[in-house]
Amino acid sequence: MSAPKSIPNSAPDSTPVSSGKKPAITVTLKNIVQEYPAPGSGTTRVVDGVNIDFSRPGINMLLGPSGCGKSTLLHMMGGVRPMGVKTPTSGTILIDGVECEGPHDDSVMVFQRYANRPDLTVFENVAFPFRLKLWKNRVPEAEWRQRVQDMLKAVGLADKQKLRPSQLSGGQNQRVALARALVLRPRILLMDEPFGALDAQTREEMQGLLIELYNAWPCLVIFVTHDVTEALILGDRVIVLSSQPAKVADDFTIDTPRPRSVAWQRSSEAVKMEESILSQLHKASPGKGSVRVTV
Ligand SMILES: Nc1ncnc2c1ncn2[C@@H]1O[C@H](COP(=O)(O)OP(=O)(O)OP(=O)(O)O)[C@@H](O)[C@H]1O
Ligand SMILES: [Mg+2]
């Protein structure tokens with residue numbers, strides 16, 4: 001794997017600037033319902049009474065068939081609201097017990113499309129949030145410059161910082177996006193199929209990198225995927241959603257430490273989990289949507 005050899009020690013700056021020494025952050029979804037306008041007239045219910053409590057740091061995988069409403073839920077948690085649609089239709093999102101109706105200062109999102117600015121260098125892309133008033137005020141220039149350098153080293157791009165996104169591979173572009181998110185030391189990291197567009201080998205490298213970065217800067221990760229293997233390799237917890245309208249079909253924890261070897265992935269414990277996820281998905285959505293198994 002080409003993940004970084006040395007990740008800078010997370011102390012002392014692993015504590016998010018905004019949080020002081022606050023305890024672990026919590027995100028709570030309470031009876032979330034989402035309906036969208038249907039073509040023609042009426043509405044389509046996409047999410048149907050979802051209750052989830054994310055109360056500990058850890059990597060939480062949100063797994064479900066294509067189109068079931070995973071991104072809808074994740075965007076909601078990140079305060080990304082579609083134009084002209086009330087989100088959520090009903091129910092409440094609480095962050096640290098406080099109702100959250102828009103973007104939250106402690107959370108950042110990483111998407112499948114990296115959203116790197118083509119006109120900026122790698123360094124400038126990673127440093128981009130510090131152009132914004134919020135972050136400019138929070139982090140002194142000398143500190144953010146140091147953080148960007150540390151993060152570029154951590155994602156293995158220290159020697160590429162003067163290049164532009166068009167001069168990078170897909171995996172390297174996703175490293176830039178991940179670095180830009182983590183340079184803020186977020187307490188909540190929301191990831192929407194971030195490795196979904198990458199080839200199998202690069203995806204595996206990026207999964208390894210995420211584990212290393214998470215170990216260096218732990219936070220509450222909510223990671224959407226429709227890849228069962230990815231969920232088992234990365235997750236401390238796997239929440240399985242049914243097909244649309246999404247409900248929680250299963251919710252379990254995985255105690256095996258990461259990185260999880262190929263031998264573990266083939267163990268009876270892992271195979272049983274995989275079968276249980278697949279049977280939940282098929283029970284909940286016979287013949288609808290698709291999931292991927294990449295073992
Ligand atoms: N702004 C919107 N207006 C109308 N319908 C929408 C809107 N956003 C999403 N939908 C619909 O809601 C459903 C769920 O979409 P969502 O993107 O949440 O699914 P998903 O589980 O993330 O799918 P995938 O795995 O393919 O990314 C889909 O049928 C989609 O067409
Ligand atoms: Mg999606």
# chains A, B, ... in the order shown; residues from 1 in each chain; ligands from 1
call {"tool": "closest_atom_pairs", "arguments": {"of": "chain A", "to": "ligand 1", "cutoff": "9 Å", "atoms": "only C-alpha atoms and all ligand atoms", "output": "JSON lines"}}
result
{"residue": "A:Gln34", "atom": "CA", "partner": "ligand 1", "partner_atom_place_in_ligand_line": "12 (O)", "distance": 8.6}
{"residue": "A:Glu35", "atom": "CA", "partner": "ligand 1", "partner_atom_place_in_ligand_line": "5 (N)", "distance": 8.0}
{"residue": "A:Tyr36", "atom": "CA", "partner": "ligand 1", "partner_atom_place_in_ligand_line": "4 (C)", "distance": 4.7}
{"residue": "A:Pro37", "atom": "CA", "partner": "ligand 1", "partner_atom_place_in_ligand_line": "4 (C)", "distance": 5.9}
{"residue": "A:Ala38", "atom": "CA", "partner": "ligand 1", "partner_atom_place_in_ligand_line": "4 (C)", "distance": 7.0}
{"residue": "A:Pro39", "atom": "CA", "partner": "ligand 1", "partner_atom_place_in_ligand_line": "4 (C)", "distance": 8.6}
{"residue": "A:Thr43", "atom": "CA", "partner": "ligand 1", "partner_atom_place_in_ligand_line": "4 (C)", "distance": 9.0}
{"residue": "A:Thr44", "atom": "CA", "partner": "ligand 1", "partner_atom_place_in_ligand_line": "5 (N)", "distance": 7.8}
{"residue": "A:Arg45", "atom": "CA", "partner": "ligand 1", "partner_atom_place_in_ligand_line": "12 (O)", "distance": 8.1}
{"residue": "A:Val46", "atom": "CA", "partner": "ligand 1", "partner_atom_place_in_ligand_line": "12 (O)", "distance": 5.5}
{"residue": "A:Val47", "atom": "CA", "partner": "ligand 1", "partner_atom_place_in_ligand_line": "14 (C)", "distance": 8.0}
{"residue": "A:Leu63", "atom": "CA", "partner": "ligand 1", "partner_atom_place_in_ligand_line": "21 (O)", "distance": 8.4}
{"residue": "A:Gly64", "atom": "CA", "partner": "ligand 1", "partner_atom_place_in_ligand_line": "21 (O)", "distance": 6.5}
{"residue": "A:Pro65", "atom": "CA", "partner": "ligand 1", "partner_atom_place_in_ligand_line": "25 (O)", "distance": 6.0}
{"residue": "A:Ser66", "atom": "CA", "partner": "ligand 1", "partner_atom_place_in_ligand_line": "25 (O)", "distance": 3.4}
{"residue": "A:Gly67", "atom": "CA", "partner": "ligand 1", "partner_atom_place_in_ligand_line": "23 (O)", "distance": 3.3}
{"residue": "A:Cys68", "atom": "CA", "partner": "ligand 1", "partner_atom_place_in_ligand_line": "21 (O)", "distance": 3.9}
{"residue": "A:Gly69", "atom": "CA", "partner": "ligand 1", "partner_atom_place_in_ligand_line": "18 (O)", "distance": 3.2}
{"residue": "A:Lys70", "atom": "CA", "partner": "ligand 1", "partner_atom_place_in_ligand_line": "21 (O)", "distance": 3.8}
{"residue": "A:Ser71", "atom": "CA", "partner": "ligand 1", "partner_atom_place_in_ligand_line": "22 (O)", "distance": 3.7}
{"residue": "A:Thr72", "atom": "CA", "partner": "ligand 1", "partner_atom_place_in_ligand_line": "18 (O)", "distance": 3.7}
{"residue": "A:Leu73", "atom": "CA", "partner": "ligand 1", "partner_atom_place_in_ligand_line": "18 (O)", "distance": 6.6}
{"residue": "A:Leu74", "atom": "CA", "partner": "ligand 1", "partner_atom_place_in_ligand_line": "18 (O)", "distance": 8.1}
{"residue": "A:His75", "atom": "CA", "partner": "ligand 1", "partner_atom_place_in_ligand_line": "18 (O)", "distance": 8.4}
{"residue": "A:Arg81", "atom": "CA", "partner": "ligand 1", "partner_atom_place_in_ligand_line": "1 (N)", "distance": 8.4}
{"residue": "A:Pro82", "atom": "CA", "partner": "ligand 1", "partner_atom_place_in_ligand_line": "1 (N)", "distance": 5.1}
{"residue": "A:Met83", "atom": "CA", "partner": "ligand 1", "partner_atom_place_in_ligand_line": "1 (N)", "distance": 7.0}
{"residue": "A:Gly84", "atom": "CA", "partner": "ligand 1", "partner_atom_place_in_ligand_line": "1 (N)", "distance": 8.1}
{"residue": "A:Val85", "atom": "CA", "partner": "ligand 1", "partner_atom_place_in_ligand_line": "1 (N)", "distance": 6.9}
{"residue": "A:Asp192", "atom": "CA", "partner": "ligand 1", "partner_atom_place_in_ligand_line": "22 (O)", "distance": 7.9}
{"residue": "A:Glu193", "atom": "CA", "partner": "ligand 1", "partner_atom_place_in_ligand_line": "27 (O)", "distance": 7.6}
{"residue": "A:Val224", "atom": "CA", "partner": "ligand 1", "partner_atom_place_in_ligand_line": "22 (O)", "distance": 7.9}
{"residue": "A:Thr225", "atom": "CA", "partner": "ligand 1", "partner_atom_place_in_ligand_line": "25 (O)", "distance": 7.2}
{"residue": "A:His226", "atom": "CA", "partner": "ligand 1", "partner_atom_place_in_ligand_line": "25 (O)", "distance": 6.1}
{"residue": "A:Leu241", "atom": "CA", "partner": "ligand 1", "partner_atom_place_in_ligand_line": "21 (O)", "distance": 8.8}
{"residue": "A:Ser243", "atom": "CA", "partner": "ligand 1", "partner_atom_place_in_ligand_line": "21 (O)", "distance": 8.2}
{"residue": "A:Gln244", "atom": "CA", "partner": "ligand 1", "partner_atom_place_in_ligand_line": "14 (C)", "distance": 7.0}
{"residue": "A:Pro245", "atom": "CA", "partner": "ligand 1", "partner_atom_place_in_ligand_line": "13 (C)", "distance": 8.2}
{"residue": "A:Ala246", "atom": "CA", "partner": "ligand 1", "partner_atom_place_in_ligand_line": "21 (O)", "distance": 8.3}
{"residue": "A:Gly289", "atom": "CA", "partner": "ligand 1", "partner_atom_place_in_ligand_line": "25 (O)", "distance": 8.3}
{"residue": "A:Ser290", "atom": "CA", "partner": "ligand 1", "partner_atom_place_in_ligand_line": "25 (O)", "distance": 8.1}
{"residue": "A:Val291", "atom": "CA", "partner": "ligand 1", "partner_atom_place_in_ligand_line": "25 (O)", "distance": 8.5}
call {"tool": "residues_around", "arguments": {"residues": "Asp159 of chain A", "least_positions_apart": "6", "cutoff": "10 Å", "atoms": "only C-alpha atoms", "output": "MDAnalysis selection string"}}
result
chainID A and resid 122 152:153
call {"tool": "write_last_selection", "arguments": {"atoms": "N, CA and C atoms", "output": "PDB file, in the first residue's frame"}}
result
ATOM      1  N   VAL A 122      -2.200  21.742  -5.514  1.00  0.00           N
ATOM      2  CA  VAL A 122      -2.548  20.797  -4.453  1.00  0.00           C
ATOM      3  C   VAL A 122      -2.504  21.501  -3.097  1.00  0.00           C
ATOM      4  N   LEU A 152      -0.382  17.059   3.973  1.00  0.00           N
ATOM      5  CA  LEU A 152       0.128  16.622   2.668  1.00  0.00           C
ATOM      6  C   LEU A 152       1.090  15.448   2.843  1.00  0.00           C
ATOM      7  N   LYS A 153       1.891  15.523   3.901  1.00  0.00           N
ATOM      8  CA  LYS A 153       2.807  14.422   4.201  1.00  0.00           C
ATOM      9  C   LYS A 153       1.997  13.172   4.559  1.00  0.00           C
TER      10      LYS A 153
END
call {"tool": "select_by_dssp", "arguments": {"residues": "segment 7-147 of chain A", "states": "alpha helix (DSSP H)", "output": "list in words"}}
result
Lys70, Ser71, Thr72, Leu73, Leu74, His75, Met76, Met77, Val122, Phe123, Glu124, Asn125, Val126, Ala127, Lys133, Leu134, Trp135, Lys136, Asn137, Arg138, Glu141, Ala142, Glu143, Trp144, Arg145, Gln146 and Arg147 of chain A
call {"tool": "residues_around", "arguments": {"residues": "segment 95-107 of chain A", "least_positions_apart": "5", "cutoff": "9 Å", "atoms": "only C-alpha atoms", "output": "compact mmCIF listing (two decimals) with N, CA and C atoms, in the first residue's frame"}}
result
# COMPACT_ATOMS: atom_id res chain seq x y z
N PRO A 16 -9.97 19.63 17.91
CA PRO A 16 -10.45 20.62 16.97
C PRO A 16 -10.43 22.01 17.59
N SER A 18 -12.37 24.35 17.33
CA SER A 18 -13.65 24.86 17.82
C SER A 18 -14.09 24.20 19.11
N SER A 19 -13.45 23.10 19.50
CA SER A 19 -14.09 22.31 20.53
C SER A 19 -13.42 22.35 21.90
N ALA A 24 -16.52 13.45 23.32
CA ALA A 24 -16.87 13.01 21.97
C ALA A 24 -18.21 13.60 21.54
N ILE A 25 -18.26 13.94 20.27
CA ILE A 25 -19.47 14.55 19.73
C ILE A 25 -20.55 13.49 19.46
N THR A 26 -21.80 13.88 19.53
CA THR A 26 -22.87 12.94 19.22
C THR A 26 -23.75 13.49 18.11
N VAL A 27 -24.21 12.58 17.26
CA VAL A 27 -25.18 12.95 16.22
C VAL A 27 -26.37 12.01 16.40
N THR A 28 -27.55 12.58 16.48
CA THR A 28 -28.75 11.76 16.70
C THR A 28 -29.78 12.06 15.61
N SER A 55 -23.03 7.93 18.96
CA SER A 55 -22.65 8.57 20.22
C SER A 55 -21.19 8.37 20.60
N MET A 76 -28.23 15.48 4.84
CA MET A 76 -29.03 16.07 5.92
C MET A 76 -28.17 16.30 7.16
N MET A 77 -27.36 15.28 7.50
CA MET A 77 -26.51 15.40 8.69
C MET A 77 -25.46 16.49 8.50
N GLY A 78 -25.04 16.70 7.22
CA GLY A 78 -24.04 17.73 6.94
C GLY A 78 -24.66 19.10 6.71
N GLY A 79 -25.98 19.17 6.82
CA GLY A 79 -26.65 20.45 6.63
C GLY A 79 -26.73 20.88 5.18
N VAL A 80 -26.52 19.93 4.24
CA VAL A 80 -26.64 20.26 2.82
C VAL A 80 -28.10 20.04 2.44
N ARG A 81 -28.77 21.09 2.10
CA ARG A 81 -30.21 21.02 1.83
C ARG A 81 -30.48 21.21 0.34
N THR A 87 -36.11 19.78 4.27
CA THR A 87 -35.28 18.64 4.66
C THR A 87 -34.93 18.72 6.13
N LEU A 134 -14.61 32.02 8.50
CA LEU A 134 -14.76 31.19 9.70
C LEU A 134 -13.43 30.58 10.13
N ALA A 181 -10.38 18.00 3.99
CA ALA A 181 -11.37 17.80 5.06
C ALA A 181 -10.67 17.69 6.41
N LEU A 184 -8.95 20.52 8.81
CA LEU A 184 -9.79 21.30 9.73
C LEU A 184 -9.95 20.59 11.08
N ARG A 185 -9.40 19.39 11.21
CA ARG A 185 -9.55 18.60 12.43
C ARG A 185 -11.03 18.50 12.81
N PRO A 186 -11.88 18.02 11.88
CA PRO A 186 -13.31 18.00 12.18
C PRO A 186 -13.64 17.00 13.27
N ARG A 187 -14.69 17.25 13.99
CA ARG A 187 -15.15 16.26 14.97
C ARG A 187 -16.10 15.27 14.29
N ILE A 188 -16.68 15.70 13.16
CA ILE A 188 -17.55 14.79 12.40
C ILE A 188 -17.06 14.80 10.95
N LEU A 189 -16.79 13.62 10.43
CA LEU A 189 -16.36 13.49 9.04
C LEU A 189 -17.42 12.67 8.30
N LEU A 190 -18.09 13.31 7.34
CA LEU A 190 -19.16 12.65 6.59
C LEU A 190 -18.63 12.29 5.21
call {"tool": "residues_around", "arguments": {"residues": "Asn125 of chain A", "least_positions_apart": "5", "cutoff": "7 Å", "atoms": "only C-alpha atoms", "output": "PyMOL selection string"}}
result
chain A and resi 116-117+120+180
call {"tool": "closest_residue", "arguments": {"among": "A:Ala127, A:Val228, A:Leu209, A:Leu62", "to": "ligand 2", "atoms": "only C-alpha atoms and all ligand atoms"}}
result
A:Leu62
call {"tool": "closest_residue", "arguments": {"among": "A:Phe123, A:Gln146, A:Arg260, A:Met206", "to": "Thr229 of chain A", "atoms": "only C-alpha atoms"}}
result
A:Arg260
call {"tool": "select_by_dssp", "arguments": {"residues": "segment 83-190 of chain A", "states": "strand (DSSP E or B)", "output": "list of chain:residue names"}}
result
A:Ser90, A:Gly91, A:Thr92, A:Ile93, A:Leu94, A:Ile95, A:Val98, A:Glu99, A:Ser107, A:Val108, A:Met109, A:Val110, A:Ile188, A:Leu189, A:Leu190
call {"tool": "write_last_selection", "arguments": {"atoms": "C-alpha atoms", "output": "tab-separated table (two decimals), in the first residue's frame"}}
result
chain	number	residue	atom	x	y	z
A	90	SER	CA	-40.21	15.58	9.57
A	91	GLY	CA	-38.02	14.45	12.42
A	92	THR	CA	-35.01	16.02	14.06
A	93	ILE	CA	-31.22	15.98	13.72
A	94	LEU	CA	-29.36	16.73	16.92
A	95	ILE	CA	-25.65	17.44	17.18
A	98	VAL	CA	-28.82	20.62	19.88
A	99	GLU	CA	-31.17	20.66	16.89
A	107	SER	CA	-18.49	18.65	10.46
A	108	VAL	CA	-17.03	18.32	6.97
A	109	MET	CA	-18.04	16.22	3.98
A	110	VAL	CA	-16.03	14.26	1.43
A	188	ILE	CA	-17.55	14.79	12.40
A	189	LEU	CA	-16.36	13.49	9.04
A	190	LEU	CA	-19.16	12.65	6.59
call {"tool": "residues_around", "arguments": {"residues": "Ala231 of chain A", "least_positions_apart": "6", "cutoff": "12 Å", "atoms": "only C-alpha atoms", "output": "number ranges by chain"}}
result
A: 59-64, 193, 207, 222-225, 237-240, 251-254, 260, 265, 270, 273-274, 277-278, 291-295
call {"tool": "residues_around", "arguments": {"residues": "Arg258 of chain A", "least_positions_apart": "3", "cutoff": "9 Å", "atoms": "only C-alpha atoms", "output": "PyMOL selection string"}}
result
chain A and resi 211+233-235+261
call {"tool": "write_last_selection", "arguments": {"atoms": "N, CA and C atoms", "output": "short mmCIF file (atom, residue, chain, number, x, y, z; two decimals), in the first residue's frame"}}
result
data_model
loop_
_atom_site.label_atom_id
_atom_site.label_comp_id
_atom_site.auth_asym_id
_atom_site.auth_seq_id
_atom_site.Cartn_x
_atom_site.Cartn_y
_atom_site.Cartn_z
N ILE A 211 -7.75 4.51 7.41
CA ILE A 211 -7.53 3.91 8.74
C ILE A 211 -6.36 4.61 9.44
N ILE A 233 -14.46 -4.05 6.23
CA ILE A 233 -13.04 -3.72 6.41
C ILE A 233 -12.88 -2.49 7.30
N LEU A 234 -13.79 -1.52 7.12
CA LEU A 234 -13.60 -0.22 7.78
C LEU A 234 -14.41 -0.02 9.06
N GLY A 235 -15.57 -0.65 9.14
CA GLY A 235 -16.53 -0.21 10.15
C GLY A 235 -16.29 -0.71 11.57
N SER A 261 -7.26 -8.21 8.15
CA SER A 261 -6.52 -8.95 7.12
C SER A 261 -7.46 -9.68 6.17
#
call {"tool": "residues_around", "arguments": {"residues": "Leu157 of chain A", "least_positions_apart": "3", "cutoff": "10 Å", "atoms": "only C-alpha atoms", "output": "list of chain:residue names"}}
result
A:Ala3, A:Pro4, A:Val122, A:Phe123, A:Gln149, A:Met151, A:Leu152, A:Lys153, A:Ala154, A:Lys160, A:Gln161, A:Lys162, A:Leu163, A:Gln172, A:Asn173, A:Arg175, A:Val176, A:Ala179
call {"tool": "decode", "arguments": {"residues": "segment 216-250 of chain A", "atoms": "C-alpha atoms", "output": "short mmCIF file (atom, residue, chain, number, x, y, z; two decimals), in the first residue's frame"}}
result
data_model
loop_
_atom_site.label_atom_id
_atom_site.label_comp_id
_atom_site.auth_asym_id
_atom_site.auth_seq_id
_atom_site.Cartn_x
_atom_site.Cartn_y
_atom_site.Cartn_z
CA ALA A 216 -3.93 9.78 13.98
CA TRP A 217 -6.96 12.11 14.19
CA PRO A 218 -9.92 10.12 15.55
CA CYS A 219 -13.37 11.63 15.07
CA LEU A 220 -16.91 10.51 14.39
CA VAL A 221 -16.88 9.16 10.84
CA ILE A 222 -20.12 8.39 9.02
CA PHE A 223 -19.22 6.66 5.79
CA VAL A 224 -21.79 5.81 3.12
CA THR A 225 -21.14 2.83 0.89
CA HIS A 226 -22.98 0.18 -1.04
CA ASP A 227 -19.96 -2.12 -0.84
CA VAL A 228 -20.39 -4.84 1.78
CA THR A 229 -16.67 -5.63 1.88
CA GLU A 230 -15.76 -1.98 2.42
CA ALA A 231 -18.22 -1.85 5.31
CA LEU A 232 -16.63 -4.91 6.93
CA ILE A 233 -13.04 -3.72 6.41
CA LEU A 234 -13.60 -0.22 7.78
CA GLY A 235 -16.53 -0.21 10.15
CA ASP A 236 -16.65 -0.21 13.93
CA ARG A 237 -20.36 -0.23 13.33
CA VAL A 238 -22.41 -1.15 10.27
CA ILE A 239 -25.91 0.19 9.83
CA VAL A 240 -27.84 -1.50 7.05
CA LEU A 241 -30.66 0.39 5.37
CA SER A 242 -33.52 -1.18 3.45
CA SER A 243 -34.40 -0.18 -0.09
CA GLN A 244 -36.39 3.00 -0.60
CA PRO A 245 -38.02 4.15 1.56
CA ALA A 246 -35.00 3.65 3.80
CA LYS A 247 -35.49 2.18 7.25
CA VAL A 248 -32.82 0.71 9.51
CA ALA A 249 -32.78 -3.00 8.64
CA ASP A 250 -29.79 -4.00 10.81
#
